[in-house]
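Colleague: Sharing target_7.cif, mmCIF, C-alpha atoms:
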data_entry
loop_
_atom_site.label_atom_id
_atom_site.label_comp_id
_atom_site.auth_asym_id
_atom_site.auth_seq_id
_atom_site.Cartn_x
_atom_site.Cartn_y
_atom_site.Cartn_z
CA MET L 1 -89.18 97.09 -23.25
CA CYS L 2 -88.31 100.03 -21.01
CA ASP L 3 -90.84 102.67 -20.00
CA ILE L 4 -90.44 105.77 -22.20
CA ARG L 5 -89.36 107.74 -19.12
CA ASP L 6 -86.51 105.29 -18.58
CA GLU L 7 -85.47 105.62 -22.21
CA LEU L 8 -84.87 109.35 -21.71
CA ILE L 9 -82.65 109.02 -18.64
CA PRO L 10 -78.94 108.41 -19.35
CA GLN L 11 -77.25 105.74 -17.27
CA VAL L 12 -73.57 105.68 -16.44
CA ALA L 13 -71.91 102.79 -18.28
CA VAL L 14 -68.43 101.30 -18.31
CA ILE L 15 -66.44 100.16 -21.34
CA THR L 16 -65.38 96.61 -20.47
CA ASP L 17 -63.67 95.61 -23.72
CA ILE L 18 -62.43 97.23 -26.94
CA ARG L 19 -61.70 95.29 -30.13
CA VAL L 20 -60.05 96.84 -33.16
CA GLU L 21 -62.01 95.68 -36.22
CA THR L 22 -60.48 97.84 -38.97
CA PRO L 23 -58.19 100.90 -39.08
CA ASP L 24 -61.18 103.15 -38.28
CA VAL L 25 -63.70 100.84 -36.58
CA LYS L 26 -63.66 99.60 -32.98
CA THR L 27 -66.19 97.45 -31.14
CA PHE L 28 -66.93 98.63 -27.61
CA SER L 29 -68.44 96.28 -25.00
CA VAL L 30 -70.50 98.19 -22.45
CA THR L 31 -72.14 97.32 -19.13
CA LEU L 32 -73.45 99.20 -16.12
CA PRO L 33 -70.95 99.65 -13.26
CA ASP L 34 -72.46 96.60 -11.50
CA GLY L 35 -71.69 94.45 -14.56
CA LYS L 36 -75.29 94.16 -15.78
CA LYS L 37 -76.68 95.15 -19.18
CA ALA L 38 -78.22 98.60 -19.28
CA PHE L 39 -81.51 97.39 -20.78
CA ASP L 40 -83.06 94.73 -22.99
CA HIS L 41 -83.33 95.27 -26.74
CA MET L 42 -84.21 93.50 -29.98
CA PRO L 43 -82.15 93.26 -33.19
CA GLY L 44 -82.22 96.50 -35.15
CA GLN L 45 -82.78 98.81 -32.20
CA CYS L 46 -80.42 101.65 -31.28
CA ALA L 47 -79.03 103.36 -28.21
CA MET L 48 -77.83 106.86 -27.46
CA LEU L 49 -74.22 107.00 -26.30
CA SER L 50 -72.76 110.19 -24.93
CA VAL L 51 -69.68 111.68 -23.32
CA PRO L 52 -70.53 114.75 -21.23
CA GLY L 53 -68.83 117.80 -22.65
CA VAL L 54 -68.11 116.08 -25.97
CA GLY L 55 -71.44 115.08 -27.46
CA GLU L 56 -73.96 112.31 -27.98
CA ALA L 57 -75.10 110.23 -30.95
CA MET L 58 -77.32 107.32 -31.87
CA PHE L 59 -75.65 103.98 -32.62
CA SER L 60 -76.99 100.60 -33.67
CA ILE L 61 -76.66 97.95 -31.01
CA THR L 62 -74.29 95.49 -32.65
CA SER L 63 -74.73 92.62 -30.23
CA SER L 64 -77.62 90.18 -30.19
CA PRO L 65 -80.15 90.20 -27.33
CA THR L 66 -78.94 86.65 -26.70
CA ASN L 67 -75.67 88.13 -25.44
CA THR L 68 -76.55 88.46 -21.77
CA ASP L 69 -73.13 89.70 -20.65
CA CYS L 70 -72.93 93.12 -22.30
CA MET L 71 -74.03 95.34 -25.17
CA GLU L 72 -71.70 95.93 -28.10
CA PHE L 73 -71.34 98.89 -30.46
CA ALA L 74 -69.20 98.88 -33.60
CA ILE L 75 -68.24 102.53 -34.06
CA LYS L 76 -66.45 104.13 -36.98
CA ALA L 77 -64.25 107.14 -36.27
CA CYS L 78 -65.85 109.82 -38.43
CA GLY L 79 -66.56 112.87 -36.27
CA LYS L 80 -65.99 114.66 -32.98
CA LEU L 81 -67.73 112.16 -30.68
CA THR L 82 -66.65 109.01 -32.50
CA ASP L 83 -63.05 110.22 -32.72
CA TYR L 84 -63.11 110.83 -28.96
CA LEU L 85 -64.63 107.41 -28.25
CA HIS L 86 -61.73 105.87 -30.16
CA THR L 87 -59.30 107.45 -27.65
CA LEU L 88 -60.98 105.81 -24.64
CA GLU L 89 -59.66 102.76 -22.86
CA VAL L 90 -61.19 99.82 -21.01
CA GLY L 91 -62.60 101.15 -17.75
CA SER L 92 -63.64 104.51 -19.21
CA GLN L 93 -67.15 105.72 -18.41
CA ILE L 94 -69.76 106.98 -20.86
CA THR L 95 -73.54 107.32 -20.62
CA ILE L 96 -76.17 105.25 -22.39
CA ARG L 97 -79.93 105.43 -22.88
CA GLY L 98 -82.44 103.48 -24.91
CA PRO L 99 -83.50 101.30 -26.57
CA TYR L 100 -84.98 103.21 -29.48
CA GLY L 101 -86.82 102.29 -32.65
CA ARG L 102 -88.71 99.46 -34.27
CA PRO L 103 -86.63 96.27 -34.54
CA PHE L 104 -86.44 93.61 -37.21
CA PRO L 105 -89.43 91.23 -36.91
CA VAL L 106 -87.27 88.25 -35.93
CA ASP L 107 -89.88 86.53 -33.78
CA ASP L 108 -92.81 86.64 -36.20
CA VAL L 109 -92.39 87.65 -39.86
CA LEU L 110 -88.84 86.31 -40.26
CA LYS L 111 -89.42 83.15 -38.27
CA GLY L 112 -89.25 80.06 -40.49
CA GLN L 113 -87.96 82.07 -43.45
CA ASN L 114 -84.85 81.59 -45.57
CA LEU L 115 -82.78 84.72 -44.93
CA LEU L 116 -80.42 86.67 -47.17
CA PHE L 117 -78.26 89.26 -45.39
CA ILE L 118 -76.71 91.93 -47.61
CA ALA L 119 -74.38 94.51 -46.08
CA GLY L 120 -71.77 97.04 -47.10
CA GLY L 121 -69.02 98.55 -44.96
CA ILE L 122 -70.07 99.49 -41.43
CA GLY L 123 -73.60 98.46 -42.48
CA LEU L 124 -72.75 95.01 -41.17
CA ALA L 125 -72.97 96.39 -37.60
CA PRO L 126 -76.79 96.44 -37.21
CA VAL L 127 -77.12 93.32 -39.38
CA ARG L 128 -74.72 91.42 -37.10
CA SER L 129 -77.25 91.69 -34.27
CA VAL L 130 -79.85 89.91 -36.41
CA ILE L 131 -77.42 87.30 -37.74
CA ASN L 132 -76.24 86.29 -34.26
CA TYR L 133 -79.81 86.22 -32.94
CA VAL L 134 -80.82 83.90 -35.77
CA LEU L 135 -77.77 81.67 -35.26
CA ASP L 136 -78.47 81.41 -31.53
CA LYS L 137 -82.02 80.32 -32.36
CA ARG L 138 -81.03 78.37 -35.46
CA GLU L 139 -83.92 75.89 -35.35
CA ASN L 140 -86.42 78.73 -35.91
CA TYR L 141 -85.08 79.77 -39.33
CA GLY L 142 -84.36 78.32 -42.74
CA GLU L 143 -81.30 78.75 -44.94
CA ILE L 144 -78.96 81.66 -44.24
CA ASP L 145 -76.85 83.45 -46.86
CA ILE L 146 -74.57 86.41 -46.13
CA LEU L 147 -73.28 88.78 -48.81
CA TYR L 148 -70.91 91.41 -47.47
CA GLY L 149 -68.64 93.90 -49.19
CA ALA L 150 -66.28 96.74 -48.31
CA ARG L 151 -63.88 99.12 -50.03
CA SER L 152 -60.88 96.94 -49.19
CA ALA L 153 -60.00 93.78 -47.30
CA ALA L 154 -58.85 95.92 -44.38
CA ASP L 155 -62.31 97.50 -44.19
CA LEU L 156 -64.18 94.20 -43.72
CA VAL L 157 -65.51 94.40 -40.15
CA PHE L 158 -65.96 91.20 -38.12
CA LYS L 159 -63.93 89.32 -40.75
CA SER L 160 -62.65 86.68 -38.32
CA GLU L 161 -66.17 86.16 -37.02
CA LEU L 162 -67.50 85.79 -40.54
CA GLU L 163 -64.89 83.19 -41.32
CA GLY L 164 -65.29 81.47 -37.97
CA ARG L 165 -68.76 81.18 -36.51
CA TYR L 166 -70.86 81.61 -39.65
CA LYS L 167 -71.05 78.16 -41.21
CA ASP L 168 -73.70 78.88 -43.84
CA ASP L 169 -72.97 80.32 -47.26
CA ILE L 170 -70.89 83.51 -47.05
CA TYR L 171 -69.92 85.73 -49.99
CA LEU L 172 -67.28 88.41 -49.43
CA THR L 173 -66.23 91.05 -51.94
CA ILE L 174 -64.09 94.19 -52.07
CA ASP L 175 -64.43 97.10 -54.46
CA ARG L 176 -61.05 96.89 -56.20
CA GLU L 177 -58.30 94.37 -56.71
CA GLU L 178 -55.46 94.38 -54.21
CA GLU L 179 -52.43 92.32 -53.38
CA ASN L 180 -53.02 89.21 -51.22
CA TRP L 181 -56.79 89.23 -51.83
CA ASP L 182 -57.90 86.12 -53.71
CA GLY L 183 -61.63 86.56 -53.14
CA HIS L 184 -64.26 88.24 -55.28
CA VAL L 185 -63.71 91.80 -56.51
CA GLY L 186 -66.62 94.06 -57.38
CA PHE L 187 -69.47 96.08 -55.91
CA VAL L 188 -72.15 94.40 -53.83
CA PRO L 189 -75.13 95.00 -56.20
CA ALA L 190 -73.25 93.51 -59.17
CA TYR L 191 -72.07 90.53 -57.12
CA LEU L 192 -75.63 90.00 -55.93
CA LYS L 193 -76.84 89.60 -59.51
CA GLU L 194 -73.82 87.48 -60.39
CA ILE L 195 -74.62 85.00 -57.61
CA GLY L 196 -78.29 84.90 -58.61
CA PHE L 197 -79.95 83.93 -55.34
CA SER L 198 -83.34 82.23 -55.57
CA THR L 199 -86.31 84.41 -54.60
CA ASP L 200 -87.56 82.12 -51.82
CA LYS L 201 -85.79 84.33 -49.25
CA THR L 202 -86.39 87.40 -47.15
CA ALA L 203 -83.59 89.92 -47.64
CA ILE L 204 -82.17 92.18 -44.92
CA VAL L 205 -80.11 95.04 -46.36
CA CYS L 206 -77.91 97.64 -44.68
CA GLY L 207 -75.13 99.87 -45.95
CA PRO L 208 -74.53 103.27 -47.52
CA PRO L 209 -77.72 104.78 -49.01
CA ILE L 210 -76.39 104.47 -52.59
CA MET L 211 -75.66 100.78 -52.01
CA ILE L 212 -79.14 100.17 -50.62
CA LYS L 213 -80.63 101.89 -53.68
CA PHE L 214 -78.79 99.70 -56.18
CA VAL L 215 -79.19 96.51 -54.12
CA LEU L 216 -82.94 97.02 -54.03
CA ALA L 217 -82.98 97.59 -57.80
CA ALA L 218 -80.95 94.40 -58.28
CA LEU L 219 -83.27 92.38 -56.05
CA LEU L 220 -86.33 93.60 -57.96
CA GLU L 221 -84.61 92.73 -61.25
CA MET L 222 -83.96 89.23 -59.88
CA GLY L 223 -87.65 88.76 -59.10
CA PHE L 224 -87.82 89.69 -55.42
CA LYS L 225 -90.79 91.74 -54.25
CA LYS L 226 -90.36 94.80 -52.05
CA GLU L 227 -92.39 93.01 -49.39
CA GLN L 228 -89.50 90.52 -49.12
CA VAL L 229 -86.88 93.15 -48.31
CA TYR L 230 -86.13 94.93 -45.02
CA THR L 231 -83.66 97.75 -44.43
CA THR L 232 -82.73 100.17 -41.66
CA LEU L 233 -82.42 103.97 -41.83
CA GLU L 234 -80.85 104.57 -38.42
CA LEU L 235 -78.35 107.10 -39.80
CA ARG L 236 -81.13 109.70 -39.80
CA MET L 237 -81.96 109.33 -36.10
CA LYS L 238 -81.07 112.07 -33.63
CA CYS L 239 -83.18 112.43 -30.46
CA GLY L 240 -84.74 108.96 -30.61
CA PHE L 241 -88.30 109.80 -29.60
CA GLY L 242 -89.81 112.03 -32.30
CA LYS L 243 -89.20 115.51 -30.87
CA CYS L 244 -86.31 117.08 -32.79
CA GLY L 245 -87.71 116.37 -36.27
CA ARG L 246 -84.38 115.53 -37.86
CA CYS L 247 -85.50 112.05 -38.89
CA ASN L 248 -88.86 113.20 -40.28
CA ILE L 249 -89.48 111.98 -43.84
CA GLY L 250 -92.97 112.81 -45.09
CA SER L 251 -95.41 111.36 -42.55
CA LYS L 252 -92.80 109.13 -40.90
CA TYR L 253 -90.37 109.60 -38.04
CA VAL L 254 -87.53 107.13 -38.47
CA CYS L 255 -86.96 106.92 -34.70
CA LYS L 256 -90.60 105.99 -34.00
CA ASP L 257 -91.81 104.30 -37.20
CA GLY L 258 -88.39 102.72 -37.91
CA PRO L 259 -85.45 102.54 -38.14
CA VAL L 260 -86.39 99.16 -39.63
CA PHE L 261 -88.67 99.40 -42.65
CA ARG L 262 -90.02 96.90 -45.13
CA CYS L 263 -89.06 98.33 -48.49
CA ASP L 264 -92.61 98.69 -49.80
CA GLU L 265 -93.25 101.04 -46.85
CA LEU L 266 -90.65 103.40 -48.29
CA ASP L 267 -92.88 103.97 -51.31
CA THR L 268 -95.22 106.00 -49.11
CA ILE L 269 -92.60 108.58 -48.13
CA PRO L 270 -90.65 111.15 -50.21
CA ASP L 271 -87.52 109.96 -51.95
CA GLU L 272 -85.10 111.66 -49.57
CA TYR L 273 -82.87 108.79 -48.48
#
The structure given in the file should be rewritten as structure tokens.
Modeller:
Amino acid sequence: MCDIRDELIPQVAVITDIRVETPDVKTFSVTLPDGKKAFDHMPGQCAMLSVPGVGEAMFSITSSPTNTDCMEFAIKACGKLTDYLHTLEVGSQITIRGPYGRPFPVDDVLKGQNLLFIAGGIGLAPVRSVINYVLDKRENYGEIDILYGARSAADLVFKSELEGRYKDDIYLTIDREEENWDGHVGFVPAYLKEIGFSTDKTAIVCGPPIMIKFVLAALLEMGFKKEQVYTTLELRMKCGFGKCGRCNIGSKYVCKDGPVFRCDELDTIPDEY
């Protein structure tokens, strides 16, 4: 883990690869100019990316710490900075600082557990870091199930990776029927109940807030306890170190106390998310 002073100092970074995932999502591979990773991180942590004169924002680190070549960020074009990032090419320079936040407890609590990953839309980005970490250390974990949904087939990020590397049980769904899609159709919470997973799993959930709300309700209805469910609230993060107050919810600062939370911890803060 970096010293807090290092976390505040932006480093110049170079975009070494760009992959188009969906019409509005690209994955950027980033290293320092000397080809090294900017810093070490754990699954679930975030980094601040910026373009001087354009802006800066917090993004989940999409790659696993086991990727020693670079750091990856799956970024959706949805604002001034992200739209600009989508215009950049390989070789372009940005700045990076971090890592920020509390990660998923992959080396203690989750170790030895059966894992159920549930994601919606771009919510697969932070979950991908955990999935790849677990797969790279496969002997340390039990069964793995992945339930992932998006608005349309074109909006499924990392689809080729899902269908390629992930050999455990995978369940894909899209919101509405469309031509050439022969998979499941329906929203993630309903599909979750339809599948009826056993409750001997720890669930990791990420997606739009409304999806998280209904997924949690579905899990509780199925017999899961809140102590078995983890989620991430990184969308609320701004400065990354508890000074700006944007991510303050009750007594918690998402950037310092999260962004990863066990769902029973959310009962102690106001219902603002």
Colleague: List the spatial neighbours of Phe28 in chain L as JSON, numbers by chain - criterion: any atom at most 6 Å away, all atoms listed in the file, same-chain residues fewer than 6 positions off excluded.
Modeller: {"L": [17, 18, 72, 73]}
Colleague: Any chance you can output those residues with C-alpha atoms as a short mmCIF file (atom, residue, chain, number, x, y, z; two decimals), in the coordinates of the input?
Modeller:
data_model
loop_
_atom_site.label_atom_id
_atom_site.label_comp_id
_atom_site.auth_asym_id
_atom_site.auth_seq_id
_atom_site.Cartn_x
_atom_site.Cartn_y
_atom_site.Cartn_z
CA ASP L 17 -63.67 95.61 -23.72
CA ILE L 18 -62.43 97.23 -26.94
CA GLU L 72 -71.70 95.93 -28.10
CA PHE L 73 -71.34 98.89 -30.46
#
Colleague: Using only C-alpha atoms, which residue out of L:Leu192, L:Thr27, L:Val229, L:Ile170 lies closest to Leu88 in chain L?
Modeller: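 For Leu88 in chain L, the nearest of the given residues is L:Thr27.
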Colleague: Given the file shown, enumerate the residues that the PyMOL selection byres ((chain L and resi 53) around 12) captures and present them as a JSON list (two decimals) with C-alpha atoms, keeping the file's coordinate frame.
Modeller:
[["chain", "number", "residue", "atom", "x", "y", "z"],
["L", 50, "SER", "CA", -72.76, 110.19, -24.93],
["L", 51, "VAL", "CA", -69.68, 111.68, -23.32],
["L", 52, "PRO", "CA", -70.53, 114.75, -21.23],
["L", 54, "VAL", "CA", -68.11, 116.08, -25.97],
["L", 55, "GLY", "CA", -71.44, 115.08, -27.46],
["L", 56, "GLU", "CA", -73.96, 112.31, -27.98],
["L", 80, "LYS", "CA", -65.99, 114.66, -32.98],
["L", 81, "LEU", "CA", -67.73, 112.16, -30.68],
["L", 84, "TYR", "CA", -63.11, 110.83, -28.96],
["L", 94, "ILE", "CA", -69.76, 106.98, -20.86],
["L", 95, "THR", "CA", -73.54, 107.32, -20.62]]
Colleague: Taking all atoms listed in the file into account, which of L:Arg176, L:Arg102, L:Lys76, L:Lys213 comes nearest Pro189 in chain L?
Modeller: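 Between L:Arg176, L:Arg102, L:Lys76, L:Lys213, the residue approaching Pro189 in chain L most closely is L:Lys213.
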Colleague: Closest to Tyr141 in chain L among L:Asp264, L:Asp107, L:Asp24, L:Asp182, using only C-alpha atoms?
Modeller: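 Checking each candidate against Tyr141 in chain L, we get L:Asp107 as the closest.
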Colleague: Which is closer to Ile122 in chain L than all the others in L:Ser60, L:Thr87, L:Thr231, L:Thr202, using all atoms listed in the file?
Modeller: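 Nearest to Ile122 in chain L: L:Ser60.
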Colleague: Given the file shown, determine the residues that the PyMOL selection byres ((chain L and resi 211) around 10) selects; report them as a ChimeraX atom specification.
Modeller: /L:118-121,187-189,205-210,212-217
Colleague: Export C-alpha atoms of the chosen residues as a compact mmCIF listing (two decimals), keeping the file's coordinate frame?
Modeller:
# COMPACT_ATOMS: atom_id res chain seq x y z
CA ILE L 118 -76.71 91.93 -47.61
CA ALA L 119 -74.38 94.51 -46.08
CA GLY L 120 -71.77 97.04 -47.10
CA GLY L 121 -69.02 98.55 -44.96
CA PHE L 187 -69.47 96.08 -55.91
CA VAL L 188 -72.15 94.40 -53.83
CA PRO L 189 -75.13 95.00 -56.20
CA VAL L 205 -80.11 95.04 -46.36
CA CYS L 206 -77.91 97.64 -44.68
CA GLY L 207 -75.13 99.87 -45.95
CA PRO L 208 -74.53 103.27 -47.52
CA PRO L 209 -77.72 104.78 -49.01
CA ILE L 210 -76.39 104.47 -52.59
CA ILE L 212 -79.14 100.17 -50.62
CA LYS L 213 -80.63 101.89 -53.68
CA PHE L 214 -78.79 99.70 -56.18
CA VAL L 215 -79.19 96.51 -54.12
CA LEU L 216 -82.94 97.02 -54.03
CA ALA L 217 -82.98 97.59 -57.80
Colleague: Evaluate the PyMOL selection byres ((chain L and resi 106) around 9) and record the selected residues as a PyMOL selection string, following the chain and residue labels used in the document.
Modeller: chain L and resi 42-43+103-105+107-111+130+133-134
Colleague: Using Å and a single decimal, report how far CA of Leu32 in chain L sits from CA of Thr68 in chain L.
Modeller: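 Atom-to-atom, CA of Thr68 in chain L to CA of Leu32 in chain L, that is 12.5 Å.
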Colleague: Report, in Å to a single decimal, how far apart CA of Asp40 in chain L and CA of Gln113 in chain L are.
Modeller: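 Computed distance, CA of Gln113 in chain L to CA of Asp40 in chain L, equals 24.6 Å.
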Colleague: Which one of L:Leu85, L:Leu266, L:Glu21, L:Gly91 sits closest to Glu161 in chain L if you count only C-alpha atoms?
Modeller: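 Among the listed residues, L:Glu21 lies closest to Glu161 in chain L.
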